[in-house]
Structures are given as C-alpha cells and as structure tokens.
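Colleague: This is entry.json, which holds JSON, C-alpha atoms:
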```
[["chain", "number", "residue", "atom", "x", "y", "z"],
["R", 26, "MET", "CA", 108.40, 100.43, 110.15],
["R", 27, "SER", "CA", 107.58, 100.75, 106.48],
["R", 28, "ASN", "CA", 105.83, 103.47, 104.52],
["R", 29, "ALA", "CA", 103.73, 103.05, 101.40],
["R", 30, "ILE", "CA", 101.29, 105.04, 99.31],
["R", 31, "GLU", "CA", 97.93, 103.37, 98.80],
["R", 32, "ILE", "CA", 95.88, 104.33, 95.75],
["R", 33, "GLU", "CA", 92.77, 102.26, 95.19],
["R", 34, "ALA", "CA", 89.31, 102.53, 93.69],
["R", 35, "LYS", "CA", 86.48, 100.80, 95.55],
["R", 36, "ALA", "CA", 82.95, 99.74, 94.73],
["R", 37, "LEU", "CA", 80.32, 98.28, 97.03],
["R", 38, "ILE", "CA", 78.44, 95.47, 95.31],
["R", 39, "GLY", "CA", 75.60, 93.14, 96.19],
["R", 40, "GLU", "CA", 75.91, 89.56, 97.39],
["R", 41, "ALA", "CA", 74.94, 88.07, 94.00],
["R", 42, "ASP", "CA", 77.63, 90.12, 92.25],
["R", 43, "TYR", "CA", 80.15, 89.10, 94.90],
["R", 44, "GLU", "CA", 79.30, 85.44, 94.27],
["R", 45, "LYS", "CA", 79.67, 86.03, 90.51],
["R", 46, "LEU", "CA", 83.19, 87.42, 91.00],
["R", 47, "ARG", "CA", 84.09, 84.63, 93.43],
["R", 48, "LYS", "CA", 83.21, 82.09, 90.72],
["R", 49, "ILE", "CA", 85.16, 83.97, 88.05],
["R", 50, "TYR", "CA", 88.27, 84.05, 90.27],
["R", 51, "LYS", "CA", 87.74, 80.66, 91.96],
["R", 52, "ASP", "CA", 91.35, 79.63, 91.26],
["R", 53, "HIS", "CA", 92.64, 82.35, 93.57],
["R", 54, "PRO", "CA", 92.68, 81.37, 97.25],
["R", 55, "SER", "CA", 90.83, 83.34, 99.88],
["R", 56, "TYR", "CA", 91.98, 84.26, 103.35],
["R", 57, "THR", "CA", 90.51, 85.96, 106.38],
["R", 58, "GLN", "CA", 91.82, 89.01, 108.19],
["R", 59, "THR", "CA", 90.44, 91.11, 111.04],
["R", 60, "ASN", "CA", 90.99, 94.85, 111.34],
["R", 61, "TYR", "CA", 90.76, 96.39, 114.80],
["R", 62, "TYR", "CA", 90.01, 100.10, 114.41],
["R", 63, "ILE", "CA", 91.45, 102.49, 116.95],
["R", 64, "ASP", "CA", 90.39, 105.99, 118.00],
["R", 65, "ASP", "CA", 89.63, 107.93, 121.16],
["R", 66, "ASP", "CA", 86.15, 108.42, 122.60],
["R", 67, "SER", "CA", 85.64, 111.67, 120.66],
["R", 68, "PHE", "CA", 86.80, 110.07, 117.36],
["R", 69, "LEU", "CA", 89.61, 112.61, 117.03],
["R", 70, "LEU", "CA", 91.59, 110.56, 114.51],
["R", 71, "ARG", "CA", 88.58, 110.19, 112.25],
["R", 72, "ARG", "CA", 87.80, 113.92, 112.44],
["R", 73, "GLU", "CA", 91.41, 114.67, 111.46],
["R", 74, "GLY", "CA", 91.19, 112.31, 108.46],
["R", 75, "PHE", "CA", 93.41, 109.58, 109.95],
["R", 76, "ALA", "CA", 92.69, 105.87, 110.22],
["R", 77, "LEU", "CA", 94.52, 103.69, 112.73],
["R", 78, "ARG", "CA", 94.14, 99.95, 112.82],
["R", 79, "VAL", "CA", 95.76, 96.72, 113.85],
["R", 80, "ARG", "CA", 95.33, 93.93, 111.30],
["R", 81, "GLU", "CA", 95.47, 90.30, 112.38],
["R", 82, "LYS", "CA", 96.10, 87.92, 109.50],
["R", 83, "GLU", "CA", 97.21, 84.31, 109.89],
["R", 84, "GLY", "CA", 98.39, 84.93, 113.46],
["R", 85, "LEU", "CA", 100.48, 87.98, 112.54],
["R", 86, "TYR", "CA", 99.68, 91.51, 113.69],
["R", 87, "GLU", "CA", 100.48, 94.84, 112.03],
["R", 88, "MET", "CA", 99.54, 98.38, 113.03],
["R", 89, "THR", "CA", 98.81, 100.77, 110.17],
["R", 90, "LEU", "CA", 98.29, 104.51, 110.34],
["R", 91, "LYS", "CA", 96.74, 105.99, 107.18],
["R", 92, "THR", "CA", 97.00, 109.71, 106.53],
["R", 93, "PRO", "CA", 95.50, 111.50, 103.51],
["R", 94, "LEU", "CA", 97.58, 112.68, 100.56],
["R", 95, "SER", "CA", 96.45, 114.65, 97.51],
["R", 96, "GLN", "CA", 96.06, 111.30, 95.71],
["R", 97, "GLY", "CA", 95.73, 108.23, 97.90],
["R", 98, "LEU", "CA", 96.87, 107.60, 101.45],
["R", 99, "LEU", "CA", 100.24, 107.48, 103.14],
["R", 100, "GLU", "CA", 100.47, 104.26, 105.14],
["R", 101, "LYS", "CA", 102.86, 103.80, 108.04],
["R", 102, "ASN", "CA", 103.10, 100.13, 108.98],
["R", 103, "CYS", "CA", 104.63, 98.53, 112.05],
["R", 104, "PRO", "CA", 104.60, 94.81, 112.91],
["R", 105, "TRP", "CA", 103.28, 93.86, 116.34],
["R", 106, "SER", "CA", 103.60, 90.70, 118.34],
["R", 107, "LYS", "CA", 100.55, 89.00, 119.83],
["R", 108, "ALA", "CA", 101.80, 90.11, 123.25],
["R", 109, "THR", "CA", 101.93, 93.75, 122.06],
["R", 110, "PHE", "CA", 98.39, 93.45, 120.69],
["R", 111, "ASP", "CA", 97.16, 91.89, 123.95],
["R", 112, "SER", "CA", 98.88, 94.56, 126.02],
["R", 113, "PHE", "CA", 97.26, 97.32, 123.97],
["R", 114, "SER", "CA", 93.79, 95.77, 123.73],
["R", 115, "LYS", "CA", 93.58, 94.74, 127.41],
["R", 116, "ASP", "CA", 95.66, 97.37, 129.19],
["R", 117, "GLY", "CA", 95.75, 100.31, 126.76],
["R", 118, "ILE", "CA", 99.55, 100.26, 126.52],
["R", 119, "PHE", "CA", 100.46, 101.88, 123.19],
["R", 120, "PRO", "CA", 103.80, 100.48, 122.01],
["R", 121, "GLU", "CA", 106.87, 102.61, 121.45],
["R", 122, "GLY", "CA", 107.88, 103.25, 117.86],
["R", 123, "ASP", "CA", 107.49, 105.53, 114.85],
["R", 124, "ILE", "CA", 103.68, 105.55, 114.86],
["R", 125, "LYS", "CA", 103.57, 106.57, 118.53],
["R", 126, "ARG", "CA", 106.17, 109.29, 117.88],
["R", 127, "PHE", "CA", 104.22, 110.55, 114.86],
["R", 128, "LEU", "CA", 100.92, 110.71, 116.75],
["R", 129, "THR", "CA", 102.58, 112.34, 119.76],
["R", 130, "MET", "CA", 104.17, 114.92, 117.45],
["R", 131, "LEU", "CA", 100.61, 115.81, 116.35],
["R", 132, "ASP", "CA", 99.59, 116.26, 120.01],
["R", 133, "ILE", "CA", 97.44, 113.14, 120.01],
["R", 134, "ASP", "CA", 97.25, 111.53, 123.44],
["R", 135, "VAL", "CA", 98.04, 107.90, 122.66],
["R", 136, "ALA", "CA", 96.92, 106.89, 126.17],
["R", 137, "SER", "CA", 93.36, 107.82, 125.13],
["R", 138, "LEU", "CA", 93.39, 105.53, 122.09],
["R", 139, "LYS", "CA", 91.61, 102.18, 122.21],
["R", 140, "ILE", "CA", 90.00, 99.62, 119.95],
["R", 141, "LYS", "CA", 86.56, 100.94, 119.04],
["R", 142, "THR", "CA", 85.36, 98.17, 116.73],
["R", 143, "SER", "CA", 86.52, 95.43, 114.39],
["R", 144, "LEU", "CA", 85.78, 94.28, 110.87],
["R", 145, "THR", "CA", 86.51, 90.80, 109.53],
["R", 146, "THR", "CA", 87.14, 90.36, 105.81],
["R", 147, "CYS", "CA", 87.15, 87.21, 103.73],
["R", 148, "ARG", "CA", 89.35, 88.35, 100.82],
["R", 149, "ILE", "CA", 90.40, 87.07, 97.42],
["R", 150, "ASP", "CA", 93.43, 88.86, 95.92],
["R", 151, "VAL", "CA", 93.98, 88.73, 92.17],
["R", 152, "PRO", "CA", 96.87, 90.27, 90.19],
["R", 153, "TYR", "CA", 95.10, 92.48, 87.65],
["R", 154, "LEU", "CA", 96.55, 94.84, 84.98],
["R", 155, "ASN", "CA", 99.73, 95.58, 86.95],
["R", 156, "GLY", "CA", 97.62, 96.22, 90.03],
["R", 157, "LYS", "CA", 95.86, 94.16, 92.67],
["R", 158, "LEU", "CA", 92.16, 93.34, 92.67],
["R", 159, "SER", "CA", 90.62, 92.45, 96.04],
["R", 160, "ILE", "CA", 87.18, 90.90, 96.32],
["R", 161, "ASP", "CA", 85.90, 91.23, 99.90],
["R", 162, "LYS", "CA", 83.08, 90.03, 102.10],
["R", 163, "ASN", "CA", 83.11, 92.22, 105.24],
["R", 164, "GLU", "CA", 81.39, 91.50, 108.56],
["R", 165, "TYR", "CA", 81.12, 94.09, 111.33],
["R", 166, "SER", "CA", 78.62, 95.03, 114.05],
["R", 167, "GLY", "CA", 76.10, 92.45, 112.81],
["R", 168, "ARG", "CA", 76.32, 93.76, 109.23],
["R", 169, "VAL", "CA", 77.67, 92.23, 106.04],
["R", 170, "ASP", "CA", 78.75, 94.08, 102.92],
["R", 171, "TYR", "CA", 80.64, 93.23, 99.76],
["R", 172, "GLU", "CA", 83.34, 95.35, 98.17],
["R", 173, "VAL", "CA", 85.71, 95.24, 95.24],
["R", 174, "GLU", "CA", 88.96, 97.22, 95.38],
["R", 175, "LEU", "CA", 91.52, 97.82, 92.67],
["R", 176, "GLU", "CA", 94.89, 99.04, 93.91],
["R", 177, "PHE", "CA", 96.79, 100.81, 91.16],
["R", 178, "ASN", "CA", 99.53, 103.40, 90.66],
["R", 179, "ASN", "CA", 97.10, 106.29, 90.00],
["R", 180, "MET", "CA", 93.46, 106.95, 90.85],
["R", 181, "ARG", "CA", 92.22, 107.73, 87.33],
["R", 182, "ASP", "CA", 93.36, 104.36, 85.96],
["R", 183, "ALA", "CA", 92.25, 102.51, 89.10],
["R", 184, "GLU", "CA", 88.71, 103.86, 88.70],
["R", 185, "SER", "CA", 88.63, 103.31, 84.93],
["R", 186, "ASN", "CA", 89.96, 99.74, 85.14],
["R", 187, "LEU", "CA", 87.63, 98.81, 88.00],
["R", 188, "LYS", "CA", 84.64, 100.23, 86.10],
["R", 189, "ASP", "CA", 85.63, 98.26, 82.98],
["R", 190, "LEU", "CA", 86.06, 95.03, 84.94],
["R", 191, "LEU", "CA", 82.70, 95.30, 86.66],
["R", 192, "GLU", "CA", 80.76, 96.36, 83.57],
["R", 193, "LYS", "CA", 82.40, 93.59, 81.52],
["R", 194, "ASN", "CA", 80.95, 91.15, 84.06],
["R", 195, "GLY", "CA", 77.47, 92.71, 84.12],
["R", 196, "ILE", "CA", 77.97, 94.43, 87.47],
["R", 197, "LYS", "CA", 76.85, 98.03, 87.94],
["R", 198, "TYR", "CA", 79.77, 100.26, 88.82],
["R", 199, "SER", "CA", 79.23, 102.73, 91.61],
["R", 200, "LEU", "CA", 82.40, 104.22, 93.07],
["R", 201, "SER", "CA", 82.48, 104.04, 96.86],
["R", 202, "ARG", "CA", 84.28, 106.80, 98.72],
["R", 203, "LYS", "CA", 83.46, 105.35, 102.14],
["R", 204, "THR", "CA", 86.28, 103.25, 103.55],
["R", 205, "LYS", "CA", 85.97, 100.13, 105.67],
["R", 206, "VAL", "CA", 86.97, 102.05, 108.78],
["R", 207, "GLU", "CA", 84.29, 104.68, 108.10],
["R", 208, "ARG", "CA", 81.59, 102.04, 107.62],
["R", 209, "ALA", "CA", 82.67, 100.13, 110.73],
["R", 210, "LEU", "CA", 82.78, 103.26, 112.90],
["R", 211, "ASP", "CA", 79.45, 104.49, 111.52],
["R", 212, "ALA", "CA", 77.90, 101.15, 112.47],
["R", 213, "ILE", "CA", 78.83, 101.57, 116.14],
["R", 214, "LYS", "CA", 77.73, 105.21, 116.25],
["R", 215, "GLY", "CA", 74.23, 104.20, 115.21]]
```
Could you write out this structure as structure tokens?
Modeller:
Amino acid sequence: MSNAIEIEAKALIGEADYEKLRKIYKDHPSYTQTNYYIDDDSFLLRREGFALRVREKEGLYEMTLKTPLSQGLLEKNCPWSKATFDSFSKDGIFPEGDIKRFLTMLDIDVASLKIKTSLTTCRIDVPYLNGKLSIDKNEYSGRVDYEVELEFNNMRDAESNLKDLLEKNGIKYSLSRKTKVERALDAIKG
C-alpha cells in the first residue's frame, strides 16, 4: 500500500471549453478510467468525509481511500487484481490489507460496503508548471460533465495557476469544491 497527499484545484467547464482545451493539448494522449465508488446504504463514509473507490485503468485495479487533511486529502492506495475486484463487486468480500484494517479501526463495518455507482472519465494529463493538469470528460448515471484539475504542491498556487490558465484561454474560472465522488453519488440519490 502507498500513501500520498493530493492537493488539487478543480473547475467545472462547459463542453465547448473542454473541446478548446482538448485542441490546445492535442499532442497529449488521452486514456479512459472508471471509478467504482463504494459506501454503505446509509452513505456513512460520505457523511464522515471519506471517499472510497476502486479505479480500473487499462485492465489494472487500485483501491483508494481518501481522508480529509487541513490542506488536501490523504490517499491510501492498494493494488487489486481483477479477481479481487470481482470477488468484492459480486460477493461483497472486502480484501484483507491496510485499508480494511484502517476502516475497521474506525468501527466501519466493511461487510456493509458495496459499489454504489461508477463514473467513467476520458482524461488528458499534461505536465504543467511543476504540477499535473488533467482535462476530463466524465460520464455517470446518464450525465456528462467536464472538469479541469490542477494538482500542485499547495492549494493557493493550484487555484491561482488554474485560474490563470483558464482565463488565458478565454475560459471563465469558477472553482469547484464538489468532487467526482460527490457528483456521482448525488446523481444516484436523485
């Protein structure tokens, strides 16, 4: 298992602005990934500020638990096999490991956790000012949205640099505080 701190600024944009950025960064390849978001029926993890997902990208699976920090999120990552993913998604068998131990330590019943929804992203990643710019088209629950994220080493610079990038390209900057998992879970709750 690995741990990382994620600090990123995000902005939701319209389809035309997404297409504009895709053209600007056309030399950077795109790829598709699907996030399977996990919670219990009462959405306990969400209420506690946690996000739990399994990401499938190019046939590889990784579980990530995100917990809030004063600036950014602490990410705990654990690779899964396809068999582990199938066992969890079909039979509800939560795999042994650090994430299970951490959740159990917090009195979260891992047997109650299941995949609630998924979100598929077509993403372009671009190295940008010592950070990483991601240009995303997201599809979930019959919806489509477009998002730009700038991962950086501190939130102030992430927001400032993302604002500058968008405004330089004639795109209105509006910081988004709602994460992909929040939007995907909101979509299934109606």
Colleague: Could you check the closest approach to R:Ile32 for each of R:Ile118, R:Met180, R:Ala136, R:Leu154 and tell me which residue wins, using all atoms listed in the file?
Modeller: R:Met180
Colleague: Name the residues within 12 Å of (102.9, 113.2, 99.5), counting only C-alpha atoms in the file's coordinates, and put them as a list of chain:residue names.
Modeller: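 Taken together, the residues in range are R:Asn28, R:Ala29, R:Ile30, R:Glu31, R:Ile32, R:Thr92, R:Pro93, R:Leu94, R:Ser95, R:Gln96, R:Gly97, R:Leu98, R:Leu99, R:Glu100.
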Colleague: I'd like the neighbourhood of R:Asp170 as a ChimeraX atom specification, where a residue qualifies if any of its atoms comes within 12 Å (using all atoms listed in the file), though same-chain residues fewer than 6 positions away should be ignored.
Modeller: /R:36-43,144-147,160-164,204-205,208-209,212
Colleague: So, counting all atoms listed in the file, which residue among R:Ala76, R:Trp105, R:Lys35, R:Lys141 is closest to R:Ser185?
Modeller: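 Closest residue, counting all atoms listed in the file: R:Lys35.
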Colleague: With all atoms listed in the file counted, which protein, DNA or RNA residues have an atom no more than 12 Å from (78.6, 104.8, 112.4) in the file frame? Please answer as number ranges by chain.
Modeller: R: 68, 71, 141-142, 165-166, 168, 203-215
Colleague: Mind writing the picked residues with C-alpha atoms as a PDB file, keeping the file's coordinate frame?
Modeller:
```
ATOM      1  CA  PHE R  68      86.800 110.070 117.360  1.00  0.00           C
ATOM      2  CA  ARG R  71      88.580 110.190 112.250  1.00  0.00           C
ATOM      3  CA  LYS R 141      86.560 100.940 119.040  1.00  0.00           C
ATOM      4  CA  THR R 142      85.360  98.170 116.730  1.00  0.00           C
ATOM      5  CA  TYR R 165      81.120  94.090 111.330  1.00  0.00           C
ATOM      6  CA  SER R 166      78.620  95.030 114.050  1.00  0.00           C
ATOM      7  CA  ARG R 168      76.320  93.760 109.230  1.00  0.00           C
ATOM      8  CA  LYS R 203      83.460 105.350 102.140  1.00  0.00           C
ATOM      9  CA  THR R 204      86.280 103.250 103.550  1.00  0.00           C
ATOM     10  CA  LYS R 205      85.970 100.130 105.670  1.00  0.00           C
ATOM     11  CA  VAL R 206      86.970 102.050 108.780  1.00  0.00           C
ATOM     12  CA  GLU R 207      84.290 104.680 108.100  1.00  0.00           C
ATOM     13  CA  ARG R 208      81.590 102.040 107.620  1.00  0.00           C
ATOM     14  CA  ALA R 209      82.670 100.130 110.730  1.00  0.00           C
ATOM     15  CA  LEU R 210      82.780 103.260 112.900  1.00  0.00           C
ATOM     16  CA  ASP R 211      79.450 104.490 111.520  1.00  0.00           C
ATOM     17  CA  ALA R 212      77.900 101.150 112.470  1.00  0.00           C
ATOM     18  CA  ILE R 213      78.830 101.570 116.140  1.00  0.00           C
ATOM     19  CA  LYS R 214      77.730 105.210 116.250  1.00  0.00           C
ATOM     20  CA  GLY R 215      74.230 104.200 115.210  1.00  0.00           C
TER      21      GLY R 215
END
```
Colleague: Skip R:Tyr50 itself and residues of its chain fewer than 6 positions away, then list as an MDAnalysis selection string all residues within 10 Å of it, counting all atoms listed in the file.
Modeller: chainID R and resid 44 149:151 160
Colleague: Keeping only C-alpha atoms, write the selected residues as an mmCIF file, in the coordinates of the input.
Modeller:
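Output file result31.cif follows:
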```cif
data_model
loop_
_atom_site.group_PDB
_atom_site.id
_atom_site.type_symbol
_atom_site.label_atom_id
_atom_site.label_comp_id
_atom_site.auth_asym_id
_atom_site.auth_seq_id
_atom_site.Cartn_x
_atom_site.Cartn_y
_atom_site.Cartn_z
ATOM 1 C CA GLU R 44 79.300 85.440 94.270
ATOM 2 C CA ILE R 149 90.400 87.070 97.420
ATOM 3 C CA ASP R 150 93.430 88.860 95.920
ATOM 4 C CA VAL R 151 93.980 88.730 92.170
ATOM 5 C CA ILE R 160 87.180 90.900 96.320
#
```
Colleague: If we count all atoms listed in the file, what is near R:Glu121 at a cut-off of 12 Å, once residues fewer than 4 positions away on the same chain are taken out, given as a ChimeraX atom specification?
Modeller: /R:26,88,103-105,109,113,125-129,135-136
Colleague: So how far away is atom CA of R:Val173 from atom CA of R:Ser27, in Å?
Modeller: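 A separation of 25.2 Å between them.
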Colleague: As an exercise, work out the distance from atom CA of R:Asp65 to atom CA of R:Gly117 in Å and give it to one decimal place.
Modeller: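 Straight-line distance from atom CA of R:Asp65 to atom CA of R:Gly117 works out to 11.3 Å.
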Colleague: Compare R:Asp134, R:Glu174, R:Tyr198, R:Glu184 by their minimum atom-to-atom distance to R:Ser159, counting all atoms listed in the file, and give me the closest one.
Modeller: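 Closest to R:Ser159 of all the choices is R:Glu174.
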Colleague: Would you mind reading off the distance between atom CA of R:Lys197 and atom CA of R:Leu175, one decimal, in Å?
Modeller: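 Atom-to-atom, atom CA of R:Lys197 and atom CA of R:Leu175 are spaced 15.4 Å apart.
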